[in-house]
Each structure stands twice: as structure tokens, then as C-alpha cells.
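> Input structure: upload.cif, which contains mmCIF, N, CA and C atoms.
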```
data_coords
loop_
_atom_site.label_atom_id
_atom_site.label_comp_id
_atom_site.auth_asym_id
_atom_site.auth_seq_id
_atom_site.Cartn_x
_atom_site.Cartn_y
_atom_site.Cartn_z
N MET A 1454 -21.62 2.40 -9.38
CA MET A 1454 -20.28 2.91 -9.55
C MET A 1454 -19.28 1.94 -8.94
N ILE A 1455 -18.09 1.94 -9.49
CA ILE A 1455 -17.05 1.02 -9.02
C ILE A 1455 -15.81 1.82 -8.63
N ASN A 1456 -15.28 1.52 -7.47
CA ASN A 1456 -14.01 2.07 -7.00
C ASN A 1456 -13.21 0.88 -6.51
N ARG A 1457 -12.40 0.30 -7.40
CA ARG A 1457 -11.68 -0.91 -7.07
C ARG A 1457 -10.26 -0.83 -7.60
N VAL A 1458 -9.32 -1.24 -6.76
CA VAL A 1458 -7.90 -1.26 -7.12
C VAL A 1458 -7.37 -2.65 -6.84
N THR A 1459 -6.58 -3.19 -7.77
CA THR A 1459 -5.91 -4.46 -7.58
C THR A 1459 -4.43 -4.27 -7.90
N LEU A 1460 -3.56 -4.65 -6.97
CA LEU A 1460 -2.11 -4.50 -7.15
C LEU A 1460 -1.40 -5.80 -6.81
N VAL A 1461 -0.32 -6.06 -7.50
CA VAL A 1461 0.65 -7.07 -7.09
C VAL A 1461 1.99 -6.36 -7.14
N GLY A 1462 2.66 -6.31 -5.99
CA GLY A 1462 3.94 -5.62 -5.94
C GLY A 1462 4.72 -6.00 -4.70
N ARG A 1463 5.86 -5.33 -4.53
CA ARG A 1463 6.76 -5.61 -3.40
C ARG A 1463 6.76 -4.45 -2.42
N LEU A 1464 6.86 -4.81 -1.13
CA LEU A 1464 6.92 -3.79 -0.08
C LEU A 1464 8.27 -3.07 -0.12
N GLY A 1465 8.20 -1.76 0.05
CA GLY A 1465 9.41 -0.93 0.00
C GLY A 1465 10.03 -0.68 1.36
N HIS A 1466 9.37 -1.12 2.44
CA HIS A 1466 9.92 -0.91 3.79
C HIS A 1466 9.32 -1.94 4.74
N GLU A 1467 9.88 -2.01 5.94
CA GLU A 1467 9.33 -2.90 6.96
C GLU A 1467 7.95 -2.39 7.39
N VAL A 1468 7.11 -3.29 7.83
CA VAL A 1468 5.76 -2.96 8.25
C VAL A 1468 5.79 -2.48 9.70
N GLU A 1469 5.16 -1.32 9.94
CA GLU A 1469 5.08 -0.78 11.30
C GLU A 1469 3.61 -0.74 11.72
N LEU A 1470 3.28 -1.49 12.75
CA LEU A 1470 1.91 -1.57 13.25
C LEU A 1470 1.66 -0.45 14.26
N ARG A 1471 0.56 0.24 14.09
CA ARG A 1471 0.13 1.29 15.02
C ARG A 1471 -1.32 1.04 15.38
N TYR A 1472 -1.82 1.84 16.31
CA TYR A 1472 -3.22 1.71 16.73
C TYR A 1472 -3.88 3.08 16.71
N THR A 1473 -5.14 3.12 16.26
CA THR A 1473 -5.88 4.37 16.29
C THR A 1473 -6.24 4.68 17.74
N THR A 1474 -6.80 5.88 17.98
CA THR A 1474 -7.16 6.27 19.34
C THR A 1474 -8.20 5.35 19.95
N ASN A 1475 -9.00 4.69 19.11
CA ASN A 1475 -10.00 3.75 19.65
C ASN A 1475 -9.48 2.31 19.67
N GLY A 1476 -8.18 2.11 19.39
CA GLY A 1476 -7.56 0.80 19.53
C GLY A 1476 -7.56 -0.08 18.29
N THR A 1477 -7.98 0.44 17.14
CA THR A 1477 -7.99 -0.34 15.91
C THR A 1477 -6.57 -0.45 15.34
N PRO A 1478 -6.10 -1.67 15.06
CA PRO A 1478 -4.78 -1.82 14.45
C PRO A 1478 -4.78 -1.22 13.04
N VAL A 1479 -3.69 -0.55 12.67
CA VAL A 1479 -3.55 0.05 11.35
C VAL A 1479 -2.08 0.04 10.94
N THR A 1480 -1.85 -0.19 9.67
CA THR A 1480 -0.51 -0.09 9.13
C THR A 1480 -0.59 0.52 7.73
N LYS A 1481 0.49 1.18 7.35
CA LYS A 1481 0.60 1.74 6.01
C LYS A 1481 1.69 0.99 5.28
N LEU A 1482 1.36 0.54 4.07
CA LEU A 1482 2.32 -0.16 3.24
C LEU A 1482 2.69 0.72 2.06
N ARG A 1483 3.96 0.68 1.66
CA ARG A 1483 4.40 1.32 0.42
C ARG A 1483 4.75 0.18 -0.52
N ILE A 1484 3.98 0.08 -1.60
CA ILE A 1484 4.13 -1.03 -2.53
C ILE A 1484 4.63 -0.52 -3.88
N ALA A 1485 5.67 -1.20 -4.39
CA ALA A 1485 6.24 -0.86 -5.68
C ALA A 1485 5.72 -1.82 -6.74
N THR A 1486 5.27 -1.24 -7.85
CA THR A 1486 4.93 -2.03 -9.03
C THR A 1486 5.82 -1.54 -10.15
N ASP A 1487 6.21 -2.44 -11.02
CA ASP A 1487 7.08 -2.01 -12.11
C ASP A 1487 6.55 -2.51 -13.44
N GLY A 1488 7.01 -1.86 -14.46
CA GLY A 1488 6.61 -2.19 -15.81
C GLY A 1488 7.53 -1.50 -16.79
N SER A 1489 7.19 -1.56 -18.04
CA SER A 1489 8.02 -0.91 -19.05
C SER A 1489 7.14 -0.42 -20.19
N TYR A 1490 7.69 0.48 -20.95
CA TYR A 1490 7.01 1.01 -22.13
C TYR A 1490 8.08 1.44 -23.13
N LYS A 1491 7.66 1.65 -24.36
CA LYS A 1491 8.58 2.14 -25.38
C LYS A 1491 8.36 3.63 -25.55
N ASN A 1492 9.44 4.39 -25.51
CA ASN A 1492 9.33 5.84 -25.68
C ASN A 1492 9.19 6.18 -27.17
N ALA A 1493 9.16 7.45 -27.49
CA ALA A 1493 8.94 7.90 -28.87
C ALA A 1493 10.01 7.40 -29.82
N ASP A 1494 11.21 7.12 -29.29
CA ASP A 1494 12.31 6.61 -30.13
C ASP A 1494 12.32 5.10 -30.22
N GLY A 1495 11.33 4.44 -29.62
CA GLY A 1495 11.26 2.99 -29.67
C GLY A 1495 12.13 2.29 -28.65
N VAL A 1496 12.70 3.05 -27.71
CA VAL A 1496 13.56 2.46 -26.68
C VAL A 1496 12.70 2.04 -25.49
N ARG A 1497 12.93 0.83 -25.02
CA ARG A 1497 12.19 0.33 -23.87
C ARG A 1497 12.68 1.04 -22.61
N VAL A 1498 11.72 1.57 -21.83
CA VAL A 1498 12.02 2.30 -20.60
C VAL A 1498 11.37 1.56 -19.44
N GLU A 1499 12.17 1.24 -18.42
CA GLU A 1499 11.66 0.60 -17.20
C GLU A 1499 11.14 1.67 -16.26
N ALA A 1500 10.00 1.41 -15.61
CA ALA A 1500 9.41 2.39 -14.70
C ALA A 1500 8.88 1.70 -13.45
N THR A 1501 9.04 2.35 -12.31
CA THR A 1501 8.50 1.86 -11.04
C THR A 1501 7.52 2.88 -10.49
N ASP A 1502 6.34 2.41 -10.09
CA ASP A 1502 5.35 3.27 -9.44
C ASP A 1502 5.23 2.84 -7.98
N TRP A 1503 5.06 3.83 -7.09
CA TRP A 1503 4.91 3.57 -5.66
C TRP A 1503 3.49 3.88 -5.25
N HIS A 1504 2.89 2.99 -4.45
CA HIS A 1504 1.51 3.11 -4.01
C HIS A 1504 1.44 3.08 -2.49
N SER A 1505 0.64 3.97 -1.92
CA SER A 1505 0.39 3.97 -0.48
C SER A 1505 -0.86 3.17 -0.20
N VAL A 1506 -0.75 2.20 0.71
CA VAL A 1506 -1.86 1.32 1.05
C VAL A 1506 -2.07 1.37 2.56
N VAL A 1507 -3.31 1.53 2.99
CA VAL A 1507 -3.66 1.53 4.41
C VAL A 1507 -4.44 0.26 4.70
N VAL A 1508 -4.02 -0.44 5.76
CA VAL A 1508 -4.64 -1.71 6.14
C VAL A 1508 -5.11 -1.59 7.59
N PHE A 1509 -6.34 -2.03 7.87
CA PHE A 1509 -6.91 -1.94 9.21
C PHE A 1509 -7.22 -3.31 9.78
N GLY A 1510 -7.38 -3.37 11.10
CA GLY A 1510 -7.89 -4.55 11.78
C GLY A 1510 -6.93 -5.72 11.78
N ARG A 1511 -7.51 -6.92 11.75
CA ARG A 1511 -6.72 -8.15 11.82
C ARG A 1511 -5.74 -8.25 10.66
N SER A 1512 -6.14 -7.76 9.50
CA SER A 1512 -5.23 -7.78 8.34
C SER A 1512 -3.97 -6.96 8.61
N ALA A 1513 -4.11 -5.84 9.31
CA ALA A 1513 -2.94 -5.02 9.67
C ALA A 1513 -2.01 -5.80 10.59
N GLU A 1514 -2.59 -6.50 11.56
CA GLU A 1514 -1.77 -7.30 12.48
C GLU A 1514 -1.06 -8.43 11.74
N ASN A 1515 -1.75 -9.08 10.79
CA ASN A 1515 -1.13 -10.14 10.00
C ASN A 1515 0.01 -9.60 9.15
N CYS A 1516 -0.17 -8.42 8.56
CA CYS A 1516 0.90 -7.80 7.78
C CYS A 1516 2.15 -7.60 8.63
N ALA A 1517 1.96 -7.08 9.83
CA ALA A 1517 3.09 -6.82 10.73
C ALA A 1517 3.78 -8.12 11.13
N ALA A 1518 3.02 -9.20 11.26
CA ALA A 1518 3.58 -10.47 11.72
C ALA A 1518 4.26 -11.27 10.62
N TYR A 1519 3.78 -11.18 9.38
CA TYR A 1519 4.22 -12.12 8.36
C TYR A 1519 4.95 -11.56 7.15
N ILE A 1520 4.93 -10.25 6.95
CA ILE A 1520 5.62 -9.70 5.77
C ILE A 1520 6.56 -8.57 6.16
N GLY A 1521 7.49 -8.28 5.27
CA GLY A 1521 8.44 -7.20 5.51
C GLY A 1521 8.97 -6.68 4.19
N LYS A 1522 9.95 -5.82 4.28
CA LYS A 1522 10.54 -5.19 3.10
C LYS A 1522 10.91 -6.25 2.06
N GLY A 1523 10.45 -6.03 0.82
CA GLY A 1523 10.74 -6.94 -0.26
C GLY A 1523 9.70 -8.02 -0.48
N SER A 1524 8.77 -8.19 0.47
CA SER A 1524 7.73 -9.22 0.32
C SER A 1524 6.82 -8.92 -0.85
N LEU A 1525 6.42 -9.97 -1.55
CA LEU A 1525 5.49 -9.86 -2.67
C LEU A 1525 4.07 -10.00 -2.13
N VAL A 1526 3.20 -9.02 -2.45
CA VAL A 1526 1.84 -9.03 -1.93
C VAL A 1526 0.83 -8.73 -3.04
N TYR A 1527 -0.38 -9.25 -2.82
CA TYR A 1527 -1.54 -8.96 -3.67
C TYR A 1527 -2.49 -8.13 -2.81
N VAL A 1528 -2.94 -7.00 -3.33
CA VAL A 1528 -3.82 -6.11 -2.58
C VAL A 1528 -5.06 -5.81 -3.40
N GLU A 1529 -6.24 -5.93 -2.76
CA GLU A 1529 -7.49 -5.46 -3.33
C GLU A 1529 -8.03 -4.39 -2.41
N GLY A 1530 -8.54 -3.31 -2.99
CA GLY A 1530 -9.09 -2.25 -2.17
C GLY A 1530 -9.74 -1.19 -3.01
N SER A 1531 -9.87 -0.02 -2.41
CA SER A 1531 -10.48 1.12 -3.10
C SER A 1531 -9.64 2.36 -2.90
N LEU A 1532 -9.71 3.28 -3.86
CA LEU A 1532 -9.00 4.55 -3.74
C LEU A 1532 -9.74 5.46 -2.79
N GLN A 1533 -8.97 6.14 -1.96
CA GLN A 1533 -9.57 7.17 -1.12
C GLN A 1533 -8.64 8.38 -1.13
N ILE A 1534 -9.24 9.55 -1.04
CA ILE A 1534 -8.48 10.80 -1.00
C ILE A 1534 -8.73 11.44 0.35
N ARG A 1535 -7.63 11.68 1.08
CA ARG A 1535 -7.74 12.32 2.38
C ARG A 1535 -7.24 13.75 2.27
N LYS A 1536 -7.95 14.65 2.94
CA LYS A 1536 -7.56 16.05 2.99
C LYS A 1536 -6.96 16.34 4.37
N TRP A 1537 -5.85 17.09 4.40
CA TRP A 1537 -5.22 17.46 5.66
C TRP A 1537 -4.55 18.82 5.49
N GLN A 1538 -4.15 19.41 6.57
CA GLN A 1538 -3.49 20.72 6.52
C GLN A 1538 -2.05 20.59 6.95
N ASP A 1539 -1.16 21.26 6.20
CA ASP A 1539 0.25 21.25 6.57
C ASP A 1539 0.51 22.27 7.68
N GLN A 1540 1.76 22.43 8.07
CA GLN A 1540 2.12 23.32 9.17
C GLN A 1540 1.81 24.79 8.88
N GLN A 1541 1.73 25.14 7.60
CA GLN A 1541 1.40 26.51 7.21
C GLN A 1541 -0.10 26.72 7.04
N GLY A 1542 -0.90 25.69 7.32
CA GLY A 1542 -2.35 25.81 7.21
C GLY A 1542 -2.89 25.60 5.80
N GLN A 1543 -2.02 25.17 4.87
CA GLN A 1543 -2.44 24.92 3.50
C GLN A 1543 -3.12 23.54 3.40
N ASP A 1544 -4.20 23.48 2.64
CA ASP A 1544 -4.86 22.20 2.40
C ASP A 1544 -3.98 21.32 1.53
N ARG A 1545 -3.83 20.09 1.92
CA ARG A 1545 -3.08 19.09 1.15
C ARG A 1545 -3.96 17.87 0.98
N TYR A 1546 -3.68 17.11 -0.05
CA TYR A 1546 -4.46 15.91 -0.35
C TYR A 1546 -3.54 14.72 -0.54
N THR A 1547 -3.97 13.59 -0.06
CA THR A 1547 -3.22 12.35 -0.21
C THR A 1547 -4.15 11.31 -0.82
N THR A 1548 -3.68 10.64 -1.86
CA THR A 1548 -4.43 9.55 -2.46
C THR A 1548 -3.80 8.24 -2.00
N GLU A 1549 -4.62 7.36 -1.46
CA GLU A 1549 -4.12 6.08 -0.98
C GLU A 1549 -5.14 4.99 -1.25
N ILE A 1550 -4.70 3.77 -1.10
CA ILE A 1550 -5.57 2.62 -1.30
C ILE A 1550 -5.97 2.10 0.07
N LYS A 1551 -7.26 1.99 0.30
CA LYS A 1551 -7.76 1.39 1.53
C LYS A 1551 -7.99 -0.09 1.24
N ALA A 1552 -7.14 -0.93 1.83
CA ALA A 1552 -7.15 -2.36 1.51
C ALA A 1552 -8.34 -3.07 2.15
N GLN A 1553 -9.01 -3.89 1.35
CA GLN A 1553 -10.01 -4.80 1.88
C GLN A 1553 -9.45 -6.22 1.99
N ARG A 1554 -8.41 -6.48 1.18
CA ARG A 1554 -7.80 -7.82 1.18
C ARG A 1554 -6.32 -7.68 0.89
N VAL A 1555 -5.50 -8.35 1.68
CA VAL A 1555 -4.06 -8.43 1.44
C VAL A 1555 -3.69 -9.90 1.48
N GLN A 1556 -3.09 -10.39 0.39
CA GLN A 1556 -2.67 -11.78 0.33
C GLN A 1556 -1.16 -11.82 0.18
N PHE A 1557 -0.51 -12.65 0.99
CA PHE A 1557 0.94 -12.77 0.97
C PHE A 1557 1.34 -13.80 -0.08
N LEU A 1558 2.16 -13.40 -1.03
CA LEU A 1558 2.54 -14.28 -2.13
C LEU A 1558 3.89 -14.93 -1.90
N ASP A 1559 4.70 -14.42 -0.98
CA ASP A 1559 5.98 -15.03 -0.59
C ASP A 1559 5.74 -15.82 0.68
N LYS A 1560 6.64 -16.73 0.92
CA LYS A 1560 6.65 -17.39 2.24
C LYS A 1560 7.73 -16.73 3.07
N ARG A 1561 7.42 -16.52 4.34
CA ARG A 1561 8.40 -15.93 5.27
C ARG A 1561 8.31 -16.74 6.56
N GLY A 1562 9.40 -17.30 6.98
CA GLY A 1562 9.39 -18.11 8.19
C GLY A 1562 8.60 -19.39 8.02
N GLY A 1563 8.41 -19.84 6.77
CA GLY A 1563 7.72 -21.10 6.54
C GLY A 1563 6.21 -21.00 6.64
N GLU A 1564 5.67 -19.81 6.83
CA GLU A 1564 4.21 -19.66 6.95
C GLU A 1564 3.69 -18.76 5.85
N GLN A 1565 2.42 -18.88 5.59
CA GLN A 1565 1.75 -17.99 4.66
C GLN A 1565 0.53 -17.43 5.35
N GLY A 1566 0.37 -16.10 5.30
CA GLY A 1566 -0.78 -15.48 5.94
C GLY A 1566 -1.70 -14.84 4.93
N GLY A 1567 -2.75 -14.18 5.43
CA GLY A 1567 -3.62 -13.53 4.47
C GLY A 1567 -4.76 -12.80 5.06
#
```
Go through the file and emit its structure as C-alpha cells.

Amino acid sequence: MINRVTLVGRLGHEVELRYTTNGTPVTKLRIATDGSYKNADGVRVEATDWHSVVVFGRSAENCAAYIGKGSLVYVEGSLQIRKWQDQQGQDRYTTEIKAQRVQFLDKRGGEQGG
């Protein structure tokens, strides 16, 4: 079986680095991808999709150091669905991409990370 996601898109916000309770670096990226399609009337419609990406370890630290809002990134990873409960005790689900690779496609500060 295959669970693989590949994205190229731009970050929608600045990167915020956090740490898990056991000290593992983690960051969440919101990545926008855009495209277009023709509707039933033949009119071209522009569309933007937003993707939640979770990055762990050294890659998370590199993201925080080298990229920010508007940066162009390439992401490889897998889809994961997390279950959690809201304040009313209702089960909620979140679909996100767990990144195995993040490559920086823009230069920022004259450096390129990955």
C-alpha cells in the first residue's frame, strides 16, 4: 500500500517552532497550492487549497530558521488523520500531512536549506 503526498506551494504564515513534552522539535506549516479549472459554462475559475503539514526533528528547526510566510516549498510526506475531542467532548478529526522531506525552493538571507 502507498500513502504518499507531494506538494509544491507557498507558506501562509510565519513558522513557529515548538517542542513536544519529550523535547522533539515540531512545527506546523500551512501551505497554499493553487490551480484552475473550467466550470460548466466554460469559464476558467482560479482555486486555492490549503494544506496542514507537520514537520518534526531537525527539519522543523530548519524550517523555523530558513523559511517564512510566502516561501515556496516542496514537501513529501504521508497523510495522517488525528482524532481529538473538542471542549464539548465531541470527537473531531484532523487530516494533515506528516512531512518526511521539506525542500526550500526560495532563497532567504542568501542561504538554501533542506
> Could you spell out the hits of the PyMOL selection byres ((chain A and resi 1508) around 7) on the shown file, as a list in words?
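In the shown coordinates, the PyMOL selection byres ((chain A and resi 1508) around 7) covers Pro1478, Val1479, Thr1480, Lys1481, Leu1482, Val1506, Val1507, Phe1509, Gly1510, Ser1512, Ala1513, Glu1514, Ile1550, Lys1551, Ala1552 and Gln1553 of chain A.
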> So that I can check the secondary structure, give me every residue of chain A assigned strand (DSSP E or B) by backbone DSSP, as a compact mmCIF listing (two decimals) with N, CA and C atoms, in the coordinates of the input.

```
# COMPACT_ATOMS: atom_id res chain seq x y z
N VAL A 1458 -9.32 -1.24 -6.76
CA VAL A 1458 -7.90 -1.26 -7.12
C VAL A 1458 -7.37 -2.65 -6.84
N THR A 1459 -6.58 -3.19 -7.77
CA THR A 1459 -5.91 -4.46 -7.58
C THR A 1459 -4.43 -4.27 -7.90
N LEU A 1460 -3.56 -4.65 -6.97
CA LEU A 1460 -2.11 -4.50 -7.15
C LEU A 1460 -1.40 -5.80 -6.81
N VAL A 1461 -0.32 -6.06 -7.50
CA VAL A 1461 0.65 -7.07 -7.09
C VAL A 1461 1.99 -6.36 -7.14
N GLY A 1462 2.66 -6.31 -5.99
CA GLY A 1462 3.94 -5.62 -5.94
C GLY A 1462 4.72 -6.00 -4.70
N ARG A 1463 5.86 -5.33 -4.53
CA ARG A 1463 6.76 -5.61 -3.40
C ARG A 1463 6.76 -4.45 -2.42
N LEU A 1464 6.86 -4.81 -1.13
CA LEU A 1464 6.92 -3.79 -0.08
C LEU A 1464 8.27 -3.07 -0.12
N ARG A 1471 0.56 0.24 14.09
CA ARG A 1471 0.13 1.29 15.02
C ARG A 1471 -1.32 1.04 15.38
N TYR A 1472 -1.82 1.84 16.31
CA TYR A 1472 -3.22 1.71 16.73
C TYR A 1472 -3.88 3.08 16.71
N PRO A 1478 -6.10 -1.67 15.06
CA PRO A 1478 -4.78 -1.82 14.45
C PRO A 1478 -4.78 -1.22 13.04
N VAL A 1479 -3.69 -0.55 12.67
CA VAL A 1479 -3.55 0.05 11.35
C VAL A 1479 -2.08 0.04 10.94
N THR A 1480 -1.85 -0.19 9.67
CA THR A 1480 -0.51 -0.09 9.13
C THR A 1480 -0.59 0.52 7.73
N LYS A 1481 0.49 1.18 7.35
CA LYS A 1481 0.60 1.74 6.01
C LYS A 1481 1.69 0.99 5.28
N LEU A 1482 1.36 0.54 4.07
CA LEU A 1482 2.32 -0.16 3.24
C LEU A 1482 2.69 0.72 2.06
N ARG A 1483 3.96 0.68 1.66
CA ARG A 1483 4.40 1.32 0.42
C ARG A 1483 4.75 0.18 -0.52
N ILE A 1484 3.98 0.08 -1.60
CA ILE A 1484 4.13 -1.03 -2.53
C ILE A 1484 4.63 -0.52 -3.88
N ALA A 1485 5.67 -1.20 -4.39
CA ALA A 1485 6.24 -0.86 -5.68
C ALA A 1485 5.72 -1.82 -6.74
N THR A 1486 5.27 -1.24 -7.85
CA THR A 1486 4.93 -2.03 -9.03
C THR A 1486 5.82 -1.54 -10.15
N ASP A 1487 6.21 -2.44 -11.02
CA ASP A 1487 7.08 -2.01 -12.11
C ASP A 1487 6.55 -2.51 -13.44
N GLY A 1488 7.01 -1.86 -14.46
CA GLY A 1488 6.61 -2.19 -15.81
C GLY A 1488 7.53 -1.50 -16.79
N SER A 1489 7.19 -1.56 -18.04
CA SER A 1489 8.02 -0.91 -19.05
C SER A 1489 7.14 -0.42 -20.19
N TYR A 1490 7.69 0.48 -20.95
CA TYR A 1490 7.01 1.01 -22.13
C TYR A 1490 8.08 1.44 -23.13
N LYS A 1491 7.66 1.65 -24.36
CA LYS A 1491 8.58 2.14 -25.38
C LYS A 1491 8.36 3.63 -25.55
N ARG A 1497 12.93 0.83 -25.02
CA ARG A 1497 12.19 0.33 -23.87
C ARG A 1497 12.68 1.04 -22.61
N VAL A 1498 11.72 1.57 -21.83
CA VAL A 1498 12.02 2.30 -20.60
C VAL A 1498 11.37 1.56 -19.44
N GLU A 1499 12.17 1.24 -18.42
CA GLU A 1499 11.66 0.60 -17.20
C GLU A 1499 11.14 1.67 -16.26
N ALA A 1500 10.00 1.41 -15.61
CA ALA A 1500 9.41 2.39 -14.70
C ALA A 1500 8.88 1.70 -13.45
N THR A 1501 9.04 2.35 -12.31
CA THR A 1501 8.50 1.86 -11.04
C THR A 1501 7.52 2.88 -10.49
N ASP A 1502 6.34 2.41 -10.09
CA ASP A 1502 5.35 3.27 -9.44
C ASP A 1502 5.23 2.84 -7.98
N TRP A 1503 5.06 3.83 -7.09
CA TRP A 1503 4.91 3.57 -5.66
C TRP A 1503 3.49 3.88 -5.25
N HIS A 1504 2.89 2.99 -4.45
CA HIS A 1504 1.51 3.11 -4.01
C HIS A 1504 1.44 3.08 -2.49
N SER A 1505 0.64 3.97 -1.92
CA SER A 1505 0.39 3.97 -0.48
C SER A 1505 -0.86 3.17 -0.20
N VAL A 1506 -0.75 2.20 0.71
CA VAL A 1506 -1.86 1.32 1.05
C VAL A 1506 -2.07 1.37 2.56
N VAL A 1507 -3.31 1.53 2.99
CA VAL A 1507 -3.66 1.53 4.41
C VAL A 1507 -4.44 0.26 4.70
N VAL A 1508 -4.02 -0.44 5.76
CA VAL A 1508 -4.64 -1.71 6.14
C VAL A 1508 -5.11 -1.59 7.59
N PHE A 1509 -6.34 -2.03 7.87
CA PHE A 1509 -6.91 -1.94 9.21
C PHE A 1509 -7.22 -3.31 9.78
N LEU A 1525 6.42 -9.97 -1.55
CA LEU A 1525 5.49 -9.86 -2.67
C LEU A 1525 4.07 -10.00 -2.13
N VAL A 1526 3.20 -9.02 -2.45
CA VAL A 1526 1.84 -9.03 -1.93
C VAL A 1526 0.83 -8.73 -3.04
N TYR A 1527 -0.38 -9.25 -2.82
CA TYR A 1527 -1.54 -8.96 -3.67
C TYR A 1527 -2.49 -8.13 -2.81
N VAL A 1528 -2.94 -7.00 -3.33
CA VAL A 1528 -3.82 -6.11 -2.58
C VAL A 1528 -5.06 -5.81 -3.40
N GLU A 1529 -6.24 -5.93 -2.76
CA GLU A 1529 -7.49 -5.46 -3.33
C GLU A 1529 -8.03 -4.39 -2.41
N GLY A 1530 -8.54 -3.31 -2.99
CA GLY A 1530 -9.09 -2.25 -2.17
C GLY A 1530 -9.74 -1.19 -3.01
N SER A 1531 -9.87 -0.02 -2.41
CA SER A 1531 -10.48 1.12 -3.10
C SER A 1531 -9.64 2.36 -2.90
N LEU A 1532 -9.71 3.28 -3.86
CA LEU A 1532 -9.00 4.55 -3.74
C LEU A 1532 -9.74 5.46 -2.79
N GLN A 1533 -8.97 6.14 -1.96
CA GLN A 1533 -9.57 7.17 -1.12
C GLN A 1533 -8.64 8.38 -1.13
N ILE A 1534 -9.24 9.55 -1.04
CA ILE A 1534 -8.48 10.80 -1.00
C ILE A 1534 -8.73 11.44 0.35
N ARG A 1535 -7.63 11.68 1.08
CA ARG A 1535 -7.74 12.32 2.38
C ARG A 1535 -7.24 13.75 2.27
N LYS A 1536 -7.95 14.65 2.94
CA LYS A 1536 -7.56 16.05 2.99
C LYS A 1536 -6.96 16.34 4.37
N TRP A 1537 -5.85 17.09 4.40
CA TRP A 1537 -5.22 17.46 5.66
C TRP A 1537 -4.55 18.82 5.49
N GLN A 1538 -4.15 19.41 6.57
CA GLN A 1538 -3.49 20.72 6.52
C GLN A 1538 -2.05 20.59 6.95
N ASP A 1544 -4.20 23.48 2.64
CA ASP A 1544 -4.86 22.20 2.40
C ASP A 1544 -3.98 21.32 1.53
N ARG A 1545 -3.83 20.09 1.92
CA ARG A 1545 -3.08 19.09 1.15
C ARG A 1545 -3.96 17.87 0.98
N TYR A 1546 -3.68 17.11 -0.05
CA TYR A 1546 -4.46 15.91 -0.35
C TYR A 1546 -3.54 14.72 -0.54
N THR A 1547 -3.97 13.59 -0.06
CA THR A 1547 -3.22 12.35 -0.21
C THR A 1547 -4.15 11.31 -0.82
N THR A 1548 -3.68 10.64 -1.86
CA THR A 1548 -4.43 9.55 -2.46
C THR A 1548 -3.80 8.24 -2.00
N GLU A 1549 -4.62 7.36 -1.46
CA GLU A 1549 -4.12 6.08 -0.98
C GLU A 1549 -5.14 4.99 -1.25
N ILE A 1550 -4.70 3.77 -1.10
CA ILE A 1550 -5.57 2.62 -1.30
C ILE A 1550 -5.97 2.10 0.07
N LYS A 1551 -7.26 1.99 0.30
CA LYS A 1551 -7.76 1.39 1.53
C LYS A 1551 -7.99 -0.09 1.24
N ALA A 1552 -7.14 -0.93 1.83
CA ALA A 1552 -7.15 -2.36 1.51
C ALA A 1552 -8.34 -3.07 2.15
N GLN A 1553 -9.01 -3.89 1.35
CA GLN A 1553 -10.01 -4.80 1.88
C GLN A 1553 -9.45 -6.22 1.99
N ARG A 1554 -8.41 -6.48 1.18
CA ARG A 1554 -7.80 -7.82 1.18
C ARG A 1554 -6.32 -7.68 0.89
N VAL A 1555 -5.50 -8.35 1.68
CA VAL A 1555 -4.06 -8.43 1.44
C VAL A 1555 -3.69 -9.90 1.48
N GLN A 1556 -3.09 -10.39 0.39
CA GLN A 1556 -2.67 -11.78 0.33
C GLN A 1556 -1.16 -11.82 0.18
N PHE A 1557 -0.51 -12.65 0.99
CA PHE A 1557 0.94 -12.77 0.97
C PHE A 1557 1.34 -13.80 -0.08
N ARG A 1561 7.42 -16.52 4.34
CA ARG A 1561 8.40 -15.93 5.27
C ARG A 1561 8.31 -16.74 6.56
N GLU A 1564 5.67 -19.81 6.83
CA GLU A 1564 4.21 -19.66 6.95
C GLU A 1564 3.69 -18.76 5.85
```
> Considering only C-alpha atoms, state which residue in the set A:Ala1493, A:Leu1532, A:Leu1558, A:Ala1485 is at the smallest distance from Tyr1519 of chain A.
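Of A:Ala1493, A:Leu1532, A:Leu1558, A:Ala1485, the one nearest Tyr1519 of chain A is A:Leu1558, counting only C-alpha atoms.
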> Could you check the closest approach to Leu1464 of chain A for each of A:Ser1531, A:Arg1554, A:Val1526, A:Thr1501 and tell me which residue wins, using only N, CA and C atoms?
A:Val1526
> Using Å and a single decimal, report how far atom C of Asn1492 of chain A sits from atom N of Val1461 of chain A.
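For atom N of Val1461 of chain A relative to atom C of Asn1492 of chain A, the distance reads 25.0 Å.
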> Rounded to one decimal place, report the atom CA of Glu1467 of chain A-atom CA of Ser1505 of chain A distance in Å.
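Atom-to-atom, atom CA of Glu1467 of chain A and atom CA of Ser1505 of chain A are spaced 13.5 Å apart.
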> Given the file shown, determine the residues that the PyMOL selection byres (((chain A and resi 1462 and name CA) around 10) and name CA) selects; report them as a ChimeraX atom specification.
/A:1460-1461,1463-1465,1483-1487,1502-1504,1523-1528,1558
> Which residue gives the smallest distance to Arg1457 of chain A among A:Gly1476, A:Glu1529, A:Glu1469, A:Glu1499, with only N, CA and C atoms counted?
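Checking each candidate against Arg1457 of chain A, we get A:Glu1529 as the closest.
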> What is the distance, in Å and to one decimal place, between atom CA of Asp1559 of chain A and atom CA of Val1458 of chain A?
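Atom-to-atom, atom CA of Asp1559 of chain A and atom CA of Val1458 of chain A are spaced 20.6 Å apart.
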> From a backbone DSSP assignment, name each residue in chain A labelled alpha helix (DSSP H), as a list in words.
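Everything in chain A that counts as alpha helix (DSSP H) is Gly1510, Arg1511, Ser1512, Ala1513, Glu1514, Asn1515, Cys1516, Ala1517, Ala1518 and Tyr1519 of chain A.
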> Enumerate, as a ChimeraX atom specification, the protein, DNA and RNA residues whose atoms approach (-5.8, 15.5, 2.3) to within 6 Å, taking into account only C-alpha atoms and the coordinate frame of the file.
/A:1535-1537,1545-1547
